[in-house]
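Q: One structure is given below, represented as structure tokens, and several questions about it will come after.
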Amino acid sequence: MKIVKRDDIVDYETYRESRDRTRKQVLSIKDQRRVHLGENLTFLFENHATIQYQVQEMMLAEKIVKEKDIQHEIKTYNQLLGEPGDLGCTLFIEFHDPAERDAHLRKWLDLPRHLYLVLENGNKAYGKFDPTQIGEDRLSSVQYITFPVDSVPPIKIGCDFELYNIESELSEVQKKALASDLKDL
């Protein structure tokens, strides 16, 4: 996947001028890459456009102008994409009731080892989590995952955790979007 480079980023005032148009485009891109697995897990697969958007939004929100700070944002967000041939995503663990969410985040500490993509070739690619998002007694409700798919597009997403065992076929739109991301080097 093509990472965001410094040349892809403009100053926050220039970005502000095209923000509404850019936001609309990126929301459409995100819609194609948002995958629900059951009622409680939502995966948002990232690509060049979504990462570029996140960097620009951070620069605007934080009024970032120093070159070293811009480079830091680019590096930080590019890490969400993983290595070449990987698919990276943000996972949202969602429960409407805060007490229920807290209880599940404590019970689901082992969840990260059980999320996978089924690839076109039939292989499973298990996700790699950011270890800083997993505490000793509870998960964070937002997780950053990379799936080492070796540039093979996924067709399903699943979880083989005993407390949340589910698998789901990706839609044709999702399959096409993720396959396109893997070709975008």
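Going through the structure tokens in order, the chains are called A, B, and so on, while each chain numbers its residues from 1 and the ligands are numbered from 1 in the order shown.
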For segment 35-104 of chain A versus segment 10-20 of chain A, which residues have an atom no more than 7 Å away, and what is each residue's nearest atom pair and distance in Å rounded to one decimal, using only C-alpha atoms, chain-then-number order, as a tab-separated table?

A:
```
residue	atom	partner	partner_atom	distance
A:Gln56	CA	A:Tyr12	CA	6.7
A:Met59	CA	A:Tyr12	CA	5.9
A:Leu60	CA	A:Tyr12	CA	5.0
A:Lys63	CA	A:Tyr12	CA	7.0
```

Q: Would you mind exporting C-alpha atoms of the selected residues as a compact mmCIF listing (two decimals), in the first residue's frame?

A:
```
# COMPACT_ATOMS: atom_id res chain seq x y z
CA GLN A 56 -4.26 16.85 7.60
CA MET A 59 -2.40 19.41 11.59
CA LEU A 60 -5.52 21.55 11.42
CA LYS A 63 -2.20 23.97 14.30
```

Q: Residues of chain A classed as strand (DSSP E) by DSSP on the backbone are to be reported as number ranges by chain.

A: A: 34-37, 41-45, 86-93, 115-119, 124-126, 128-129, 142-148, 154-161, 164-169

Q: Keeping only N, CA and C atoms, take the residues you just selected and write them out as a CSV table (one decimal), in the first residue's frame.

A:
```
chain,number,residue,atom,x,y,z
A,34,ARG,N,-15.4,0.1,5.6
A,34,ARG,CA,-16.0,-0.2,7.0
A,34,ARG,C,-16.7,-1.5,7.0
A,35,VAL,N,-16.2,-2.4,7.8
A,35,VAL,CA,-16.7,-3.8,7.9
A,35,VAL,C,-17.2,-4.1,9.3
A,36,HIS,N,-18.4,-4.5,9.4
A,36,HIS,CA,-19.0,-4.8,10.7
A,36,HIS,C,-18.9,-6.3,10.8
A,37,LEU,N,-18.5,-6.8,12.0
A,37,LEU,CA,-18.4,-8.2,12.3
A,37,LEU,C,-19.3,-8.4,13.6
A,41,LEU,N,-18.2,-5.3,16.7
A,41,LEU,CA,-16.9,-5.1,16.2
A,41,LEU,C,-17.0,-4.4,14.8
A,42,THR,N,-16.4,-3.2,14.7
A,42,THR,CA,-16.3,-2.5,13.4
A,42,THR,C,-14.9,-2.2,13.0
A,43,PHE,N,-14.5,-2.7,11.8
A,43,PHE,CA,-13.2,-2.5,11.3
A,43,PHE,C,-13.2,-1.4,10.3
A,44,LEU,N,-12.3,-0.5,10.4
A,44,LEU,CA,-12.2,0.6,9.3
A,44,LEU,C,-10.8,0.4,8.7
A,45,PHE,N,-10.8,-0.2,7.5
A,45,PHE,CA,-9.5,-0.4,6.8
A,45,PHE,C,-9.0,0.9,6.3
A,86,ASP,N,0.5,-5.6,3.5
A,86,ASP,CA,-0.4,-5.8,4.6
A,86,ASP,C,-1.7,-4.9,4.4
A,87,LEU,N,-2.7,-5.2,5.2
A,87,LEU,CA,-3.9,-4.4,5.3
A,87,LEU,C,-3.9,-3.9,6.7
A,88,GLY,N,-4.1,-2.6,6.9
A,88,GLY,CA,-4.2,-2.1,8.3
A,88,GLY,C,-5.5,-1.5,8.5
A,89,CYS,N,-6.0,-1.6,9.8
A,89,CYS,CA,-7.3,-1.0,10.1
A,89,CYS,C,-7.3,-0.6,11.5
A,90,THR,N,-8.4,0.2,11.8
A,90,THR,CA,-8.7,0.6,13.1
A,90,THR,C,-10.0,-0.2,13.5
A,91,LEU,N,-9.9,-0.9,14.7
A,91,LEU,CA,-11.0,-1.7,15.2
A,91,LEU,C,-11.7,-0.9,16.3
A,92,PHE,N,-13.0,-0.8,16.2
A,92,PHE,CA,-13.8,-0.2,17.2
A,92,PHE,C,-14.6,-1.3,17.9
A,93,ILE,N,-14.4,-1.4,19.2
A,93,ILE,CA,-15.2,-2.4,20.0
A,93,ILE,C,-16.4,-1.6,20.6
A,115,LEU,N,-8.7,-12.6,15.7
A,115,LEU,CA,-9.3,-11.9,14.6
A,115,LEU,C,-8.5,-12.2,13.3
A,116,TYR,N,-9.2,-12.5,12.2
A,116,TYR,CA,-8.5,-12.9,11.0
A,116,TYR,C,-9.2,-12.5,9.8
A,117,LEU,N,-8.5,-12.5,8.7
A,117,LEU,CA,-9.1,-12.4,7.3
A,117,LEU,C,-8.9,-13.7,6.6
A,118,VAL,N,-10.0,-14.1,5.9
A,118,VAL,CA,-9.8,-15.3,5.0
A,118,VAL,C,-9.5,-14.7,3.6
A,119,LEU,N,-8.4,-15.2,3.0
A,119,LEU,CA,-7.9,-14.6,1.8
A,119,LEU,C,-8.5,-15.4,0.6
A,124,LYS,N,-5.8,-18.1,6.1
A,124,LYS,CA,-6.2,-17.1,7.1
A,124,LYS,C,-5.0,-16.3,7.5
A,125,ALA,N,-5.2,-15.0,7.6
A,125,ALA,CA,-4.2,-14.0,8.1
A,125,ALA,C,-4.7,-13.5,9.4
A,126,TYR,N,-4.1,-13.8,10.5
A,126,TYR,CA,-4.5,-13.3,11.8
A,126,TYR,C,-3.9,-11.9,12.0
A,128,LYS,N,-2.3,-8.5,13.7
A,128,LYS,CA,-1.2,-8.1,14.6
A,128,LYS,C,-1.7,-6.9,15.3
A,129,PHE,N,-1.7,-6.8,16.6
A,129,PHE,CA,-2.2,-5.7,17.3
A,129,PHE,C,-1.1,-4.8,17.9
A,142,VAL,N,-10.6,1.0,21.2
A,142,VAL,CA,-10.1,1.3,19.9
A,142,VAL,C,-8.7,0.5,19.7
A,143,GLN,N,-8.6,-0.3,18.7
A,143,GLN,CA,-7.4,-1.1,18.5
A,143,GLN,C,-6.9,-0.8,17.1
A,144,TYR,N,-5.6,-0.9,16.9
A,144,TYR,CA,-4.9,-0.7,15.6
A,144,TYR,C,-4.4,-2.1,15.2
A,145,ILE,N,-4.8,-2.6,14.1
A,145,ILE,CA,-4.4,-3.9,13.7
A,145,ILE,C,-3.8,-3.9,12.3
A,146,THR,N,-2.9,-4.8,12.0
A,146,THR,CA,-2.4,-5.0,10.7
A,146,THR,C,-2.6,-6.5,10.4
A,147,PHE,N,-3.0,-6.8,9.2
A,147,PHE,CA,-3.2,-8.2,8.7
A,147,PHE,C,-2.1,-8.4,7.7
A,148,PRO,N,-1.2,-9.4,8.0
A,148,PRO,CA,-0.1,-9.7,7.0
A,148,PRO,C,-0.7,-10.6,5.9
A,154,PRO,N,-8.6,-10.2,0.7
A,154,PRO,CA,-9.5,-10.9,1.6
A,154,PRO,C,-10.8,-11.1,1.0
A,155,ILE,N,-11.5,-12.1,1.4
A,155,ILE,CA,-12.9,-12.4,1.0
A,155,ILE,C,-13.9,-12.5,2.2
A,156,LYS,N,-13.3,-12.7,3.4
A,156,LYS,CA,-14.1,-12.8,4.6
A,156,LYS,C,-13.3,-12.3,5.8
A,157,ILE,N,-14.0,-12.0,6.8
A,157,ILE,CA,-13.4,-11.5,8.1
A,157,ILE,C,-14.0,-12.4,9.2
A,158,GLY,N,-13.2,-12.7,10.2
A,158,GLY,CA,-13.8,-13.5,11.2
A,158,GLY,C,-13.1,-13.4,12.6
A,159,CYS,N,-13.7,-14.1,13.5
A,159,CYS,CA,-13.2,-14.1,14.9
A,159,CYS,C,-13.5,-15.5,15.4
A,160,ASP,N,-12.4,-16.2,15.9
A,160,ASP,CA,-12.6,-17.5,16.5
A,160,ASP,C,-12.4,-17.5,18.0
A,161,PHE,N,-12.7,-16.4,18.6
A,161,PHE,CA,-12.6,-16.3,20.1
A,161,PHE,C,-13.9,-17.0,20.6
A,164,TYR,N,-16.8,-14.8,21.2
A,164,TYR,CA,-17.3,-14.0,20.1
A,164,TYR,C,-16.9,-14.7,18.8
A,165,ASN,N,-17.5,-15.8,18.5
A,165,ASN,CA,-17.2,-16.7,17.4
A,165,ASN,C,-18.1,-16.4,16.2
A,166,ILE,N,-17.5,-15.7,15.2
A,166,ILE,CA,-18.3,-15.3,14.0
A,166,ILE,C,-17.4,-15.1,12.8
A,167,GLU,N,-18.0,-15.3,11.6
A,167,GLU,CA,-17.3,-15.1,10.4
A,167,GLU,C,-18.3,-14.5,9.4
A,168,SER,N,-17.8,-13.6,8.6
A,168,SER,CA,-18.7,-12.8,7.7
A,168,SER,C,-18.0,-12.6,6.3
A,169,GLU,N,-18.8,-12.8,5.3
A,169,GLU,CA,-18.3,-12.6,3.9
A,169,GLU,C,-18.2,-11.0,3.7
```

Q: Extract the full set of helix (DSSP H, G or I) residues from chain A according to DSSP on the backbone, and format it as a short mmCIF file (atom, residue, chain, number, x, y, z; two decimals) with N, CA and C atoms, in the first residue's frame.

A:
```
data_model
loop_
_atom_site.label_atom_id
_atom_site.label_comp_id
_atom_site.auth_asym_id
_atom_site.auth_seq_id
_atom_site.Cartn_x
_atom_site.Cartn_y
_atom_site.Cartn_z
N ARG A 6 5.69 13.26 2.62
CA ARG A 6 5.64 14.68 2.98
C ARG A 6 5.04 15.52 1.85
N ASP A 7 5.33 15.16 0.60
CA ASP A 7 4.80 15.92 -0.55
C ASP A 7 3.28 15.82 -0.66
N ASP A 8 2.68 14.84 0.01
CA ASP A 8 1.23 14.67 -0.03
C ASP A 8 0.50 15.61 0.93
N TYR A 12 -1.90 23.61 7.00
CA TYR A 12 -3.30 23.49 7.44
C TYR A 12 -4.21 24.58 6.90
N GLU A 13 -3.70 25.75 6.58
CA GLU A 13 -4.55 26.79 5.99
C GLU A 13 -4.94 26.43 4.56
N THR A 14 -4.00 25.91 3.79
CA THR A 14 -4.32 25.46 2.43
C THR A 14 -5.32 24.31 2.49
N TYR A 15 -5.09 23.38 3.43
CA TYR A 15 -6.01 22.26 3.60
C TYR A 15 -7.42 22.75 3.95
N ARG A 16 -7.51 23.73 4.81
CA ARG A 16 -8.82 24.25 5.24
C ARG A 16 -9.67 24.67 4.03
N GLU A 17 -9.02 25.21 3.00
CA GLU A 17 -9.74 25.69 1.81
C GLU A 17 -10.45 24.56 1.07
N SER A 18 -9.89 23.36 1.11
CA SER A 18 -10.51 22.24 0.38
C SER A 18 -11.08 21.19 1.32
N ARG A 19 -11.15 21.50 2.60
CA ARG A 19 -11.53 20.51 3.62
C ARG A 19 -12.91 19.90 3.37
N ASP A 20 -13.91 20.69 3.06
CA ASP A 20 -15.27 20.15 2.88
C ASP A 20 -15.31 19.13 1.74
N ARG A 21 -14.68 19.45 0.63
CA ARG A 21 -14.64 18.55 -0.52
C ARG A 21 -13.85 17.29 -0.18
N THR A 22 -12.70 17.48 0.45
CA THR A 22 -11.85 16.35 0.84
C THR A 22 -12.58 15.45 1.82
N ARG A 23 -13.25 16.04 2.79
CA ARG A 23 -13.97 15.26 3.80
C ARG A 23 -15.04 14.38 3.14
N LYS A 24 -15.79 14.95 2.22
CA LYS A 24 -16.83 14.20 1.53
C LYS A 24 -16.23 13.01 0.76
N GLN A 25 -15.11 13.25 0.08
CA GLN A 25 -14.44 12.17 -0.67
C GLN A 25 -13.94 11.07 0.27
N VAL A 26 -13.32 11.46 1.35
CA VAL A 26 -12.75 10.48 2.27
C VAL A 26 -13.85 9.70 2.99
N LEU A 27 -14.94 10.34 3.34
CA LEU A 27 -16.04 9.60 3.97
C LEU A 27 -16.59 8.52 3.03
N SER A 28 -16.64 8.81 1.74
CA SER A 28 -17.06 7.81 0.76
C SER A 28 -16.05 6.66 0.71
N ILE A 29 -14.78 6.98 0.74
CA ILE A 29 -13.72 5.97 0.74
C ILE A 29 -13.83 5.11 2.01
N LYS A 30 -14.06 5.74 3.14
CA LYS A 30 -14.19 5.00 4.40
C LYS A 30 -15.42 4.09 4.38
N ASP A 31 -16.51 4.54 3.80
CA ASP A 31 -17.72 3.72 3.74
C ASP A 31 -17.45 2.39 3.04
N GLN A 32 -16.61 2.41 2.01
CA GLN A 32 -16.29 1.19 1.25
C GLN A 32 -15.38 0.26 2.05
N ARG A 33 -14.73 0.77 3.08
CA ARG A 33 -13.75 0.01 3.84
C ARG A 33 -14.18 -0.25 5.27
N HIS A 48 -4.13 5.05 1.71
CA HIS A 48 -3.40 6.31 1.54
C HIS A 48 -4.31 7.52 1.80
N ALA A 49 -5.49 7.52 1.21
CA ALA A 49 -6.39 8.67 1.34
C ALA A 49 -6.86 8.88 2.78
N THR A 50 -7.18 7.80 3.50
CA THR A 50 -7.68 7.96 4.87
C THR A 50 -6.56 8.41 5.80
N ILE A 51 -5.35 7.93 5.55
CA ILE A 51 -4.21 8.34 6.38
C ILE A 51 -3.84 9.79 6.10
N GLN A 52 -3.82 10.16 4.82
CA GLN A 52 -3.54 11.54 4.46
C GLN A 52 -4.55 12.48 5.12
N TYR A 53 -5.81 12.09 5.08
CA TYR A 53 -6.88 12.87 5.72
C TYR A 53 -6.62 13.02 7.23
N GLN A 54 -6.27 11.92 7.89
CA GLN A 54 -6.02 11.97 9.33
C GLN A 54 -4.86 12.90 9.67
N VAL A 55 -3.79 12.85 8.88
CA VAL A 55 -2.65 13.73 9.12
C VAL A 55 -3.09 15.18 8.94
N GLN A 56 -3.81 15.46 7.86
CA GLN A 56 -4.26 16.85 7.60
C GLN A 56 -5.19 17.33 8.71
N GLU A 57 -6.07 16.46 9.18
CA GLU A 57 -7.00 16.84 10.25
C GLU A 57 -6.25 17.14 11.55
N MET A 58 -5.23 16.32 11.86
CA MET A 58 -4.44 16.57 13.07
C MET A 58 -3.68 17.88 12.96
N MET A 59 -3.12 18.14 11.78
CA MET A 59 -2.40 19.41 11.59
C MET A 59 -3.32 20.60 11.78
N LEU A 60 -4.54 20.48 11.27
CA LEU A 60 -5.52 21.55 11.42
C LEU A 60 -5.94 21.71 12.88
N ALA A 61 -6.30 20.61 13.51
CA ALA A 61 -6.78 20.66 14.89
C ALA A 61 -5.71 21.17 15.86
N GLU A 62 -4.48 20.74 15.65
CA GLU A 62 -3.38 21.10 16.56
C GLU A 62 -2.56 22.30 16.07
N GLU A 67 8.23 21.38 11.00
CA GLU A 67 8.50 20.25 10.12
C GLU A 67 8.65 18.94 10.89
N LYS A 68 9.35 18.96 12.00
CA LYS A 68 9.55 17.71 12.77
C LYS A 68 8.23 17.17 13.30
N ASP A 69 7.30 18.06 13.63
CA ASP A 69 5.99 17.63 14.11
C ASP A 69 5.13 17.06 12.97
N ILE A 70 5.25 17.65 11.81
CA ILE A 70 4.55 17.13 10.63
C ILE A 70 5.07 15.74 10.30
N GLN A 71 6.40 15.59 10.29
CA GLN A 71 7.01 14.29 10.01
C GLN A 71 6.58 13.25 11.04
N HIS A 72 6.46 13.66 12.29
CA HIS A 72 6.01 12.74 13.35
C HIS A 72 4.59 12.25 13.07
N GLU A 73 3.70 13.15 12.69
CA GLU A 73 2.31 12.76 12.38
C GLU A 73 2.27 11.78 11.20
N ILE A 74 3.03 12.08 10.17
CA ILE A 74 3.08 11.21 8.99
C ILE A 74 3.57 9.82 9.39
N LYS A 75 4.64 9.76 10.14
CA LYS A 75 5.19 8.47 10.56
C LYS A 75 4.20 7.71 11.43
N THR A 76 3.60 8.38 12.37
CA THR A 76 2.65 7.74 13.29
C THR A 76 1.46 7.15 12.53
N TYR A 77 0.86 7.93 11.65
CA TYR A 77 -0.32 7.43 10.93
C TYR A 77 0.03 6.40 9.88
N ASN A 78 1.19 6.52 9.24
CA ASN A 78 1.60 5.51 8.26
C ASN A 78 1.76 4.14 8.91
N GLN A 79 2.09 4.09 10.19
CA GLN A 79 2.23 2.82 10.89
C GLN A 79 0.93 2.03 10.88
N LEU A 80 -0.20 2.71 10.77
CA LEU A 80 -1.50 2.02 10.72
C LEU A 80 -1.63 1.16 9.46
N LEU A 81 -0.86 1.46 8.43
CA LEU A 81 -0.95 0.70 7.18
C LEU A 81 -0.18 -0.61 7.24
N PRO A 98 -22.04 1.91 28.68
CA PRO A 98 -20.65 1.99 29.15
C PRO A 98 -20.27 0.86 30.13
N ALA A 99 -21.17 0.47 31.00
CA ALA A 99 -20.87 -0.60 31.96
C ALA A 99 -20.70 -1.93 31.23
N GLU A 100 -21.56 -2.19 30.24
CA GLU A 100 -21.44 -3.42 29.45
C GLU A 100 -20.14 -3.40 28.65
N ARG A 101 -19.80 -2.26 28.07
CA ARG A 101 -18.55 -2.14 27.32
C ARG A 101 -17.36 -2.44 28.22
N ASP A 102 -17.33 -1.84 29.41
CA ASP A 102 -16.22 -2.06 30.33
C ASP A 102 -16.11 -3.53 30.72
N ALA A 103 -17.23 -4.18 30.98
CA ALA A 103 -17.21 -5.60 31.35
C ALA A 103 -16.65 -6.45 30.21
N HIS A 104 -17.06 -6.16 28.98
CA HIS A 104 -16.57 -6.93 27.84
C HIS A 104 -15.08 -6.66 27.57
N LEU A 105 -14.65 -5.43 27.72
CA LEU A 105 -13.24 -5.11 27.50
C LEU A 105 -12.35 -5.83 28.51
N ARG A 106 -12.90 -6.15 29.66
CA ARG A 106 -12.16 -6.94 30.66
C ARG A 106 -12.20 -8.44 30.33
N LYS A 107 -13.35 -8.91 29.86
CA LYS A 107 -13.49 -10.34 29.53
C LYS A 107 -12.81 -10.71 28.22
N LEU A 111 -9.15 -11.45 22.89
CA LEU A 111 -9.72 -11.18 21.56
C LEU A 111 -8.68 -10.91 20.48
N PRO A 112 -7.65 -10.10 20.75
CA PRO A 112 -6.70 -9.76 19.68
C PRO A 112 -6.07 -10.96 18.97
N ARG A 113 -5.90 -12.06 19.65
CA ARG A 113 -5.26 -13.23 19.03
C ARG A 113 -6.22 -14.01 18.13
N HIS A 114 -7.47 -13.58 18.04
CA HIS A 114 -8.48 -14.39 17.36
C HIS A 114 -9.14 -13.73 16.15
N PRO A 131 0.58 -3.59 20.82
CA PRO A 131 0.55 -4.08 22.21
C PRO A 131 0.26 -2.99 23.23
N THR A 132 0.45 -1.73 22.87
CA THR A 132 0.16 -0.66 23.82
C THR A 132 -1.34 -0.46 24.02
N GLN A 133 -2.15 -1.09 23.17
CA GLN A 133 -3.60 -0.96 23.28
C GLN A 133 -4.23 -2.04 24.16
N GLU A 172 -19.05 -7.22 -2.10
CA GLU A 172 -18.28 -7.04 -3.34
C GLU A 172 -17.57 -5.68 -3.34
N VAL A 173 -18.23 -4.65 -2.83
CA VAL A 173 -17.63 -3.32 -2.75
C VAL A 173 -16.40 -3.35 -1.84
N GLN A 174 -16.53 -4.01 -0.68
CA GLN A 174 -15.41 -4.11 0.25
C GLN A 174 -14.25 -4.90 -0.36
N LYS A 175 -14.56 -6.02 -1.00
CA LYS A 175 -13.52 -6.84 -1.63
C LYS A 175 -12.76 -6.03 -2.69
N LYS A 176 -13.51 -5.31 -3.50
CA LYS A 176 -12.89 -4.52 -4.57
C LYS A 176 -12.01 -3.41 -3.99
N ALA A 177 -12.51 -2.73 -2.95
CA ALA A 177 -11.76 -1.63 -2.34
C ALA A 177 -10.45 -2.13 -1.72
N LEU A 178 -10.52 -3.24 -0.99
CA LEU A 178 -9.32 -3.76 -0.32
C LEU A 178 -8.33 -4.34 -1.33
N ALA A 179 -8.84 -4.98 -2.38
CA ALA A 179 -7.96 -5.48 -3.43
C ALA A 179 -7.25 -4.31 -4.12
N SER A 180 -7.97 -3.23 -4.34
CA SER A 180 -7.39 -2.03 -4.95
C SER A 180 -6.30 -1.44 -4.06
N ASP A 181 -6.53 -1.42 -2.76
CA ASP A 181 -5.53 -0.91 -1.83
C ASP A 181 -4.24 -1.72 -1.89
N LEU A 182 -4.38 -3.02 -2.05
CA LEU A 182 -3.19 -3.89 -2.09
C LEU A 182 -2.38 -3.69 -3.37
N LYS A 183 -3.04 -3.20 -4.42
CA LYS A 183 -2.35 -2.94 -5.68
C LYS A 183 -1.75 -1.54 -5.71
#
```

Q: Could you check the closest approach to Asp137 of chain A for each of A:Leu109, A:Ser171, A:Gly85, A:Val4 and tell me which residue wins, using only C-alpha atoms?

A: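 When distances to Asp137 of chain A are compared using only C-alpha atoms, the smallest one comes from A:Leu109.
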
Q: Could you tell me which of A:Lys2, A:Arg138, A:His96, A:Lys66 comes closest to Glu83 of chain A if we count only C-alpha atoms?

A: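 Ranked by minimum distance to Glu83 of chain A, first place goes to A:Lys2.
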
Q: Rounded to one decimal, what separation in Å do you get between atom CA of Ser151 of chain A and atom CA of Pro84 of chain A?

A: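 That distance, rounded to one decimal, is 7.9 Å.
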
Q: By how many Å are atom CA of Glu120 of chain A and atom CA of Pro153 of chain A apart?

A: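 Between atom CA of Glu120 of chain A and atom CA of Pro153 of chain A the gap works out to 5.9 Å.
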
Q: Rounded to one decimal in Å, what is the spacing between atom CA of Asp150 of chain A and atom CA of Asp110 of chain A?

A: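 That distance, rounded to one decimal, is 24.7 Å.
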
Q: With distances taken over only C-alpha atoms, which residue among A:Gly127, A:Gly122, A:Gly135, A:Gly38 lies nearest Glu94 of chain A?

A: A:Gly38
